[in-house]
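Shown next: target-v3.cif, given as mmCIF, C-alpha atoms, pLDDT in the B column; chains and numbers go by the auth columns.
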```cif
data_my_file
#
loop_
_atom_site.group_PDB
_atom_site.id
_atom_site.type_symbol
_atom_site.label_atom_id
_atom_site.label_comp_id
_atom_site.label_asym_id
_atom_site.label_seq_id
_atom_site.Cartn_x
_atom_site.Cartn_y
_atom_site.Cartn_z
_atom_site.B_iso_or_equiv
_atom_site.auth_seq_id
_atom_site.auth_asym_id
ATOM 1 C CA MET A 1 193.810 91.658 51.801 62.00 297 A
ATOM 2 C CA SER A 2 192.590 88.542 53.599 76.00 298 A
ATOM 3 C CA ARG A 3 189.461 88.795 55.711 91.00 299 A
ATOM 4 C CA TYR A 4 191.151 86.467 58.174 98.00 300 A
ATOM 5 C CA THR A 5 193.432 87.847 60.856 98.00 301 A
ATOM 6 C CA HIS A 6 194.281 84.710 62.831 98.00 302 A
ATOM 7 C CA VAL A 7 195.205 81.103 62.067 98.00 303 A
ATOM 8 C CA ILE A 8 194.618 78.490 64.766 98.00 304 A
ATOM 9 C CA PHE A 9 196.445 75.177 64.522 98.00 305 A
ATOM 10 C CA ASP A 10 195.973 71.757 66.030 97.00 306 A
ATOM 11 C CA PHE A 11 199.374 70.314 66.955 95.00 307 A
ATOM 12 C CA GLY A 12 199.515 66.531 66.496 91.00 308 A
ATOM 13 C CA GLY A 13 198.701 65.624 62.902 92.00 309 A
ATOM 14 C CA VAL A 14 199.138 69.217 61.721 96.00 310 A
ATOM 15 C CA ILE A 15 202.426 70.651 62.976 95.00 311 A
ATOM 16 C CA THR A 16 203.646 67.085 63.401 92.00 312 A
ATOM 17 C CA ALA A 17 202.968 63.922 61.444 90.00 313 A
ATOM 18 C CA SER A 18 199.703 62.186 62.268 87.00 314 A
ATOM 19 C CA PRO A 19 199.781 59.971 65.372 86.00 315 A
ATOM 20 C CA PHE A 20 197.526 57.580 63.486 88.00 316 A
ATOM 21 C CA GLU A 21 200.521 56.564 61.386 87.00 317 A
ATOM 22 C CA ALA A 22 202.324 55.552 64.580 88.00 318 A
ATOM 23 C CA PHE A 23 199.222 53.764 65.839 93.00 319 A
ATOM 24 C CA ASN A 24 199.079 51.742 62.624 94.00 320 A
ATOM 25 C CA ARG A 25 202.729 50.732 63.041 93.00 321 A
ATOM 26 C CA LEU A 26 202.004 49.670 66.620 94.00 322 A
ATOM 27 C CA GLU A 27 199.011 47.645 65.450 97.00 323 A
ATOM 28 C CA ASP A 28 201.129 45.917 62.811 96.00 324 A
ATOM 29 C CA GLU A 29 203.804 45.097 65.400 95.00 325 A
ATOM 30 C CA ARG A 30 201.234 43.667 67.830 96.00 326 A
ATOM 31 C CA GLY A 31 199.178 41.820 65.231 97.00 327 A
ATOM 32 C CA LEU A 32 196.142 43.987 65.901 97.00 328 A
ATOM 33 C CA PRO A 33 193.474 44.982 63.365 97.00 329 A
ATOM 34 C CA ARG A 34 194.195 48.102 61.351 97.00 330 A
ATOM 35 C CA ASP A 35 192.925 51.260 63.108 96.00 331 A
ATOM 36 C CA PHE A 36 192.165 49.346 66.312 98.00 332 A
ATOM 37 C CA VAL A 37 193.422 52.230 68.481 97.00 333 A
ATOM 38 C CA ARG A 38 191.060 54.583 66.679 94.00 334 A
ATOM 39 C CA ARG A 39 188.186 52.170 67.312 96.00 335 A
ATOM 40 C CA VAL A 40 188.938 52.169 71.028 97.00 336 A
ATOM 41 C CA ASN A 41 189.143 55.963 71.118 93.00 337 A
ATOM 42 C CA ALA A 42 185.942 56.318 69.097 93.00 338 A
ATOM 43 C CA ALA A 43 183.909 54.208 71.525 94.00 339 A
ATOM 44 C CA ASN A 44 182.165 56.448 74.085 94.00 340 A
ATOM 45 C CA PRO A 45 184.298 59.356 72.796 93.00 341 A
ATOM 46 C CA ASP A 46 183.278 61.946 75.404 93.00 342 A
ATOM 47 C CA ASP A 47 183.773 59.776 78.468 96.00 343 A
ATOM 48 C CA ASN A 48 186.322 57.063 77.636 97.00 344 A
ATOM 49 C CA ALA A 49 189.820 56.760 79.076 96.00 345 A
ATOM 50 C CA TRP A 50 191.357 58.973 76.427 93.00 346 A
ATOM 51 C CA ALA A 51 188.796 61.761 76.905 95.00 347 A
ATOM 52 C CA LYS A 52 189.217 61.693 80.666 96.00 348 A
ATOM 53 C CA PHE A 53 193.013 61.748 80.431 92.00 349 A
ATOM 54 C CA GLU A 54 193.009 64.674 77.992 92.00 350 A
ATOM 55 C CA ARG A 55 190.856 66.605 80.469 94.00 351 A
ATOM 56 C CA ALA A 56 193.263 65.616 83.291 92.00 352 A
ATOM 57 C CA GLU A 57 190.450 63.878 85.155 95.00 353 A
ATOM 58 C CA ILE A 58 192.517 60.702 85.670 93.00 354 A
ATOM 59 C CA ASP A 59 196.207 59.979 86.163 89.00 355 A
ATOM 60 C CA ALA A 60 198.477 57.994 83.874 86.00 356 A
ATOM 61 C CA ALA A 61 198.172 54.726 85.784 90.00 357 A
ATOM 62 C CA THR A 62 194.384 54.906 85.658 94.00 358 A
ATOM 63 C CA PHE A 63 194.478 55.692 81.940 93.00 359 A
ATOM 64 C CA ASP A 64 196.706 52.665 81.365 93.00 360 A
ATOM 65 C CA THR A 65 194.211 50.417 83.168 96.00 361 A
ATOM 66 C CA LEU A 66 191.035 51.897 81.692 97.00 362 A
ATOM 67 C CA PHE A 67 192.351 51.904 78.124 97.00 363 A
ATOM 68 C CA ALA A 68 193.408 48.257 78.478 97.00 364 A
ATOM 69 C CA ALA A 69 189.907 47.378 79.684 98.00 365 A
ATOM 70 C CA GLU A 70 188.338 49.210 76.750 98.00 366 A
ATOM 71 C CA ALA A 71 190.656 47.402 74.338 98.00 367 A
ATOM 72 C CA ARG A 72 189.759 44.035 75.875 98.00 368 A
ATOM 73 C CA ALA A 73 186.068 44.877 75.513 97.00 369 A
ATOM 74 C CA LEU A 74 186.716 45.175 71.788 97.00 370 A
ATOM 75 C CA GLY A 75 188.491 41.834 71.706 97.00 371 A
ATOM 76 C CA HIS A 76 192.224 42.580 72.002 98.00 372 A
ATOM 77 C CA ASP A 77 194.913 43.227 74.594 97.00 373 A
ATOM 78 C CA LEU A 78 196.652 46.611 74.438 97.00 374 A
ATOM 79 C CA ALA A 79 197.841 48.716 77.360 95.00 375 A
ATOM 80 C CA GLY A 80 197.365 52.466 77.379 93.00 376 A
ATOM 81 C CA GLU A 81 201.062 52.976 78.068 91.00 377 A
ATOM 82 C CA ALA A 82 201.938 51.331 74.739 93.00 378 A
ATOM 83 C CA VAL A 83 199.807 53.874 72.894 91.00 379 A
ATOM 84 C CA LEU A 84 201.288 56.844 74.746 87.00 380 A
ATOM 85 C CA ALA A 85 204.776 55.581 73.934 85.00 381 A
ATOM 86 C CA VAL A 86 204.296 56.184 70.204 85.00 382 A
ATOM 87 C CA ILE A 87 201.934 59.144 70.071 82.00 383 A
ATOM 88 C CA ALA A 88 204.394 61.981 69.423 75.00 384 A
ATOM 89 C CA GLY A 89 204.854 62.426 65.673 79.00 385 A
ATOM 90 C CA ALA A 90 207.815 63.920 63.856 85.00 386 A
ATOM 91 C CA VAL A 91 207.768 67.690 63.350 91.00 387 A
ATOM 92 C CA ARG A 92 206.925 68.885 59.831 94.00 388 A
ATOM 93 C CA PRO A 93 209.570 71.568 59.101 95.00 389 A
ATOM 94 C CA ALA A 94 207.470 73.186 56.367 96.00 390 A
ATOM 95 C CA MET A 95 204.655 73.781 58.835 97.00 391 A
ATOM 96 C CA VAL A 96 207.045 75.433 61.279 97.00 392 A
ATOM 97 C CA ALA A 97 208.376 77.633 58.455 97.00 393 A
ATOM 98 C CA ALA A 98 204.778 78.575 57.660 98.00 394 A
ATOM 99 C CA LEU A 99 204.277 79.737 61.246 98.00 395 A
ATOM 100 C CA ASP A 100 207.221 82.105 60.863 97.00 396 A
ATOM 101 C CA THR A 101 205.930 83.358 57.511 97.00 397 A
ATOM 102 C CA LEU A 102 202.481 84.022 58.930 98.00 398 A
ATOM 103 C CA LYS A 103 203.917 85.986 61.839 97.00 399 A
ATOM 104 C CA ALA A 104 206.138 87.987 59.508 96.00 400 A
ATOM 105 C CA LYS A 105 203.071 88.879 57.421 96.00 401 A
ATOM 106 C CA GLY A 106 201.201 90.109 60.477 97.00 402 A
ATOM 107 C CA PHE A 107 198.798 87.229 61.106 98.00 403 A
ATOM 108 C CA GLY A 108 198.062 86.089 64.630 98.00 404 A
ATOM 109 C CA ILE A 109 198.789 82.394 65.214 98.00 405 A
ATOM 110 C CA ALA A 110 197.572 80.123 67.983 98.00 406 A
ATOM 111 C CA CYS A 111 197.275 76.452 68.933 98.00 407 A
ATOM 112 C CA ILE A 112 194.511 74.325 70.425 98.00 408 A
ATOM 113 C CA THR A 113 195.748 70.856 71.306 95.00 409 A
ATOM 114 C CA ASN A 114 194.148 67.873 72.972 93.00 410 A
ATOM 115 C CA ASN A 115 196.936 66.423 75.089 88.00 411 A
ATOM 116 C CA VAL A 116 197.577 64.718 78.406 83.00 412 A
ATOM 117 C CA PRO A 117 199.316 65.983 81.540 80.00 413 A
ATOM 118 C CA GLY A 118 203.089 66.226 81.224 66.00 414 A
ATOM 119 C CA GLY A 119 205.357 64.265 83.515 53.00 415 A
ATOM 120 C CA LYS A 120 203.222 61.130 83.210 50.00 416 A
ATOM 121 C CA MET A 121 204.776 57.936 81.834 48.00 417 A
ATOM 122 C CA GLY A 122 207.749 59.929 80.568 50.00 418 A
ATOM 123 C CA ILE A 123 205.617 62.406 78.606 51.00 419 A
ATOM 124 C CA GLN A 124 207.221 65.817 78.312 53.00 420 A
ATOM 125 C CA GLY A 125 205.507 69.042 77.333 53.00 421 A
ATOM 126 C CA ALA A 126 202.548 70.012 75.183 55.00 422 A
ATOM 127 C CA GLY A 127 203.610 67.809 72.271 51.00 423 A
ATOM 128 C CA MET A 128 203.538 64.661 74.433 53.00 424 A
ATOM 129 C CA THR A 129 207.118 63.806 73.521 54.00 425 A
ATOM 130 C CA ARG A 130 209.170 61.100 75.229 55.00 426 A
ATOM 131 C CA SER A 131 212.640 62.654 75.095 62.00 427 A
ATOM 132 C CA ALA A 132 214.184 65.851 76.416 72.00 428 A
ATOM 133 C CA GLU A 133 215.521 66.754 72.958 75.00 429 A
ATOM 134 C CA ALA A 134 212.112 66.432 71.331 75.00 430 A
ATOM 135 C CA ALA A 135 210.495 68.368 74.179 78.00 431 A
ATOM 136 C CA VAL A 136 212.886 71.273 73.565 84.00 432 A
ATOM 137 C CA GLU A 137 212.002 71.245 69.865 87.00 433 A
ATOM 138 C CA VAL A 138 208.283 71.315 70.627 88.00 434 A
ATOM 139 C CA ALA A 139 208.740 74.068 73.209 89.00 435 A
ATOM 140 C CA SER A 140 210.474 76.239 70.601 93.00 436 A
ATOM 141 C CA ILE A 141 207.494 75.765 68.289 95.00 437 A
ATOM 142 C CA MET A 142 204.943 76.491 71.005 94.00 438 A
ATOM 143 C CA ALA A 143 206.786 79.717 71.834 96.00 439 A
ATOM 144 C CA ARG A 144 205.900 81.021 68.358 97.00 440 A
ATOM 145 C CA PHE A 145 202.175 81.040 69.089 98.00 441 A
ATOM 146 C CA ASP A 146 200.388 84.077 70.470 98.00 442 A
ATOM 147 C CA HIS A 147 198.331 81.753 72.656 98.00 443 A
ATOM 148 C CA VAL A 148 198.152 78.005 73.331 97.00 444 A
ATOM 149 C CA ILE A 149 195.280 76.081 74.897 97.00 445 A
ATOM 150 C CA GLU A 150 196.027 72.554 76.115 95.00 446 A
ATOM 151 C CA SER A 151 193.059 70.347 76.983 95.00 447 A
ATOM 152 C CA SER A 152 194.922 68.859 79.940 91.00 448 A
ATOM 153 C CA LYS A 153 195.267 72.329 81.477 93.00 449 A
ATOM 154 C CA ALA A 154 191.950 73.830 80.373 96.00 450 A
ATOM 155 C CA GLY A 155 189.863 70.858 81.527 95.00 451 A
ATOM 156 C CA VAL A 156 187.950 70.884 78.241 97.00 452 A
ATOM 157 C CA ARG A 157 188.840 69.170 74.974 96.00 453 A
ATOM 158 C CA LYS A 158 187.957 69.317 71.298 97.00 454 A
ATOM 159 C CA PRO A 159 185.362 68.949 69.849 97.00 455 A
ATOM 160 C CA ASP A 160 183.661 70.804 72.732 97.00 456 A
ATOM 161 C CA PRO A 161 182.793 74.234 71.220 98.00 457 A
ATOM 162 C CA ARG A 162 183.844 75.932 74.447 98.00 458 A
ATOM 163 C CA ILE A 163 187.532 75.397 73.759 98.00 459 A
ATOM 164 C CA TYR A 164 187.314 77.269 70.438 98.00 460 A
ATOM 165 C CA LEU A 165 185.432 80.130 72.084 98.00 461 A
ATOM 166 C CA MET A 166 188.034 80.233 74.849 98.00 462 A
ATOM 167 C CA MET A 167 190.676 80.761 72.182 98.00 463 A
ATOM 168 C CA CYS A 168 188.720 83.524 70.450 98.00 464 A
ATOM 169 C CA GLU A 169 188.266 85.277 73.770 98.00 465 A
ATOM 170 C CA ALA A 170 191.978 84.993 74.546 98.00 466 A
ATOM 171 C CA LEU A 171 192.880 86.395 71.127 98.00 467 A
ATOM 172 C CA GLY A 172 190.205 89.072 71.225 98.00 468 A
ATOM 173 C CA VAL A 173 188.717 88.072 67.864 98.00 469 A
ATOM 174 C CA GLU A 174 185.473 86.733 66.449 98.00 470 A
ATOM 175 C CA PRO A 175 185.418 83.177 65.049 98.00 471 A
ATOM 176 C CA ALA A 176 184.766 84.527 61.549 98.00 472 A
ATOM 177 C CA ALA A 177 188.214 86.151 61.572 98.00 473 A
ATOM 178 C CA CYS A 178 189.913 82.788 62.126 98.00 474 A
ATOM 179 C CA ILE A 179 191.098 79.843 60.071 98.00 475 A
ATOM 180 C CA TYR A 180 191.300 76.544 61.948 98.00 476 A
ATOM 181 C CA LEU A 181 193.379 73.503 60.921 98.00 477 A
ATOM 182 C CA ASP A 182 192.935 70.011 62.337 98.00 478 A
ATOM 183 C CA ASP A 183 193.515 66.484 61.064 95.00 479 A
ATOM 184 C CA LEU A 184 190.184 65.279 62.478 94.00 480 A
ATOM 185 C CA GLY A 185 186.915 66.169 60.827 96.00 481 A
ATOM 186 C CA ILE A 186 185.100 65.845 64.154 96.00 482 A
ATOM 187 C CA ASN A 187 187.245 68.710 65.464 97.00 483 A
ATOM 188 C CA CYS A 188 186.839 70.835 62.340 98.00 484 A
ATOM 189 C CA LYS A 189 183.036 70.638 62.474 98.00 485 A
ATOM 190 C CA PRO A 190 182.447 72.775 65.599 98.00 486 A
ATOM 191 C CA ALA A 191 185.023 75.310 64.430 98.00 487 A
ATOM 192 C CA SER A 192 183.119 75.647 61.159 98.00 488 A
ATOM 193 C CA GLN A 193 179.759 75.852 62.926 98.00 489 A
ATOM 194 C CA LEU A 194 181.077 78.724 65.044 98.00 490 A
ATOM 195 C CA GLY A 195 182.037 80.614 61.877 98.00 491 A
ATOM 196 C CA MET A 196 185.702 79.735 61.429 98.00 492 A
ATOM 197 C CA HIS A 197 187.087 78.647 58.072 98.00 493 A
ATOM 198 C CA ALA A 198 188.032 75.034 58.860 98.00 494 A
ATOM 199 C CA ILE A 199 190.689 73.092 56.956 98.00 495 A
ATOM 200 C CA LYS A 200 190.913 69.331 57.462 98.00 496 A
ATOM 201 C CA VAL A 201 194.552 68.324 57.210 97.00 497 A
ATOM 202 C CA THR A 202 195.469 65.135 55.374 94.00 498 A
ATOM 203 C CA SER A 203 199.119 66.058 54.715 94.00 499 A
ATOM 204 C CA GLY A 204 201.470 68.952 55.297 94.00 500 A
ATOM 205 C CA GLU A 205 201.493 69.813 51.597 95.00 501 A
ATOM 206 C CA GLN A 206 197.701 69.842 51.335 97.00 502 A
ATOM 207 C CA ALA A 207 197.375 71.931 54.499 97.00 503 A
ATOM 208 C CA LEU A 208 199.753 74.602 53.238 97.00 504 A
ATOM 209 C CA ALA A 209 198.112 74.693 49.823 97.00 505 A
ATOM 210 C CA ASP A 210 194.633 75.113 51.296 98.00 506 A
ATOM 211 C CA LEU A 211 195.844 77.687 53.809 98.00 507 A
ATOM 212 C CA SER A 212 197.614 79.651 51.067 97.00 508 A
ATOM 213 C CA ASP A 213 194.404 79.686 49.018 97.00 509 A
ATOM 214 C CA ALA A 214 192.289 80.822 51.963 97.00 510 A
ATOM 215 C CA LEU A 215 194.673 83.645 52.891 97.00 511 A
ATOM 216 C CA GLY A 216 195.584 84.646 49.355 95.00 512 A
ATOM 217 C CA ILE A 217 199.298 84.368 50.036 95.00 513 A
ATOM 218 C CA SER A 218 202.085 81.939 49.171 92.00 514 A
ATOM 219 C CA LEU A 219 203.378 79.768 51.987 92.00 515 A
ATOM 220 C CA PRO A 220 206.554 77.656 51.691 75.00 516 A
#
```
Using the file provided, produce a representation of the structure as structure tokens.
Amino acid sequence: MSRYTHVIFDFGGVITASPFEAFNRLEDERGLPRDFVRRVNAANPDDNAWAKFERAEIDAATFDTLFAAEARALGHDLAGEAVLAVIAGAVRPAMVAALDTLKAKGFGIACITNNVPGGKMGIQGAGMTRSAEAAVEVASIMARFDHVIESSKAGVRKPDPRIYLMMCEALGVEPAACIYLDDLGINCKPASQLGMHAIKVTSGEQALADLSDALGISLP
């Protein structure tokens, strides 16, 4: 029997395809350097436009302006709205099937997601989708979780350790009873330091293989 009782998922880049793939396509279309969006978001990571927007400290119009200024400071023109327009990745069906399998086997499942307030610039729901159909799909996935923490509602974002502890408190478990999956190493690090078993996700297949190994079960 697994020593883990709960599995906590990031959403973008884990349940859905990585937004960085969409950012790279945007960069190619605009003639920008590869991974330019990541460079902007990595500069002053705790207090830049993206961080403030994910904590709901600024509105969409302000994010658009501040992100554009940060991009210009790094030598290129790119509006924040253009980034938000492509951020929602396609759902990975195998990951959704894994959620159902985990629940059927008695594991608790939860989600911690850094996102921005819904209703801004056409963004709908926790998955930051841009269409009603996609928002419904994401909502059906979110309904599977025992608990969801959204940075834009909690006012705190990963990798702040507080957001992981908030989840443990909500679930009534210790960190050591949890597995945490995220596509960003910077977000896996605090989870690991708190005692969770952290899995950095590079693909859906790799994530399911590593999760299966950690739990000692077979996931689809």
Contacts of Glu317 in chain A at 12 Å (only C-alpha atoms; same-chain gap of 3+ positions) as a PyMOL selection string: chain A and resi 308-309+312-314+320-324+330-331+333-334+379+382-386+498-499
In terms of the shortest atom-to-atom distance over all atoms listed in the file, which of A:Leu511, A:Ile482, A:Ala364, A:Leu461 is closest to Pro341 in chain A?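 Checking each of A:Leu511, A:Ile482, A:Ala364, A:Leu461 against Pro341 in chain A, counting all atoms listed in the file, the winner is A:Ile482.
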Residues near range 504-508 of chain A, anyone? I mean within 12 Å using all atoms listed in the file, not counting same-chain ones fewer than 3 positions away, as an mmCIF file with C-alpha atoms, in the coordinates of the input.
```
data_model
loop_
_atom_site.group_PDB
_atom_site.id
_atom_site.type_symbol
_atom_site.label_atom_id
_atom_site.label_comp_id
_atom_site.auth_asym_id
_atom_site.auth_seq_id
_atom_site.Cartn_x
_atom_site.Cartn_y
_atom_site.Cartn_z
ATOM 1 C CA SER A 298 192.590 88.542 53.599
ATOM 2 C CA TYR A 300 191.151 86.467 58.174
ATOM 3 C CA HIS A 302 194.281 84.710 62.831
ATOM 4 C CA VAL A 303 195.205 81.103 62.067
ATOM 5 C CA ILE A 304 194.618 78.490 64.766
ATOM 6 C CA PHE A 305 196.445 75.177 64.522
ATOM 7 C CA VAL A 310 199.138 69.217 61.721
ATOM 8 C CA ILE A 311 202.426 70.651 62.976
ATOM 9 C CA ARG A 388 206.925 68.885 59.831
ATOM 10 C CA PRO A 389 209.570 71.568 59.101
ATOM 11 C CA ALA A 390 207.470 73.186 56.367
ATOM 12 C CA MET A 391 204.655 73.781 58.835
ATOM 13 C CA VAL A 392 207.045 75.433 61.279
ATOM 14 C CA ALA A 393 208.376 77.633 58.455
ATOM 15 C CA ALA A 394 204.778 78.575 57.660
ATOM 16 C CA LEU A 395 204.277 79.737 61.246
ATOM 17 C CA THR A 397 205.930 83.358 57.511
ATOM 18 C CA LEU A 398 202.481 84.022 58.930
ATOM 19 C CA CYS A 474 189.913 82.788 62.126
ATOM 20 C CA ILE A 475 191.098 79.843 60.071
ATOM 21 C CA TYR A 476 191.300 76.544 61.948
ATOM 22 C CA LEU A 477 193.379 73.503 60.921
ATOM 23 C CA ASP A 478 192.935 70.011 62.337
ATOM 24 C CA HIS A 493 187.087 78.647 58.072
ATOM 25 C CA ALA A 494 188.032 75.034 58.860
ATOM 26 C CA ILE A 495 190.689 73.092 56.956
ATOM 27 C CA LYS A 496 190.913 69.331 57.462
ATOM 28 C CA VAL A 497 194.552 68.324 57.210
ATOM 29 C CA THR A 498 195.469 65.135 55.374
ATOM 30 C CA SER A 499 199.119 66.058 54.715
ATOM 31 C CA GLY A 500 201.470 68.952 55.297
ATOM 32 C CA GLU A 501 201.493 69.813 51.597
ATOM 33 C CA LEU A 511 194.673 83.645 52.891
ATOM 34 C CA GLY A 512 195.584 84.646 49.355
ATOM 35 C CA ILE A 513 199.298 84.368 50.036
ATOM 36 C CA SER A 514 202.085 81.939 49.171
ATOM 37 C CA LEU A 515 203.378 79.768 51.987
ATOM 38 C CA PRO A 516 206.554 77.656 51.691
#
```
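For the pair CA of Lys449 in chain A and CA of Ala352 in chain A, the interatomic distance is 7.2 Å.
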Distance in Å - CA of Gln489 in chain A versus CA of Phe316 in chain A: 25.5 Å
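Between Cys484 in chain A and the residues A:Pro457, A:Phe319, A:Cys464, A:Ala356, the shortest atom-to-atom distance, using all atoms listed in the file, involves A:Pro457.
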Give me the residues within 12 Å of Arg368 in chain A as number ranges by chain, counting only C-alpha atoms and dropping any in the same chain fewer than 5 places off. A: 328, 332-333, 335-336, 361-363, 373-376
Nearest residue to Ala406 in chain A from the set A:Asp479, A:Glu433, A:Glu350, A:Asp442 (distances using all atoms listed in the file):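 Distance minimum relative to Ala406 in chain A lands on A:Asp442.
With CA of Met438 in chain A on one side and CA of Ile408 in chain A on the other, the separation reads 10.7 Å.
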Restricting the calculation to only C-alpha atoms: of A:Val387, A:Ala369, A:Met463, A:Ala378, which residue gets closest to Cys407 in chain A?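 So, comparing all the options, the nearest one is A:Met463.
Proximity to Gly371 in chain A was assessed for A:Pro329, A:Ser448, A:Pro486, A:Lys348 counting only C-alpha atoms; the smallest distance is recorded for A:Pro329.
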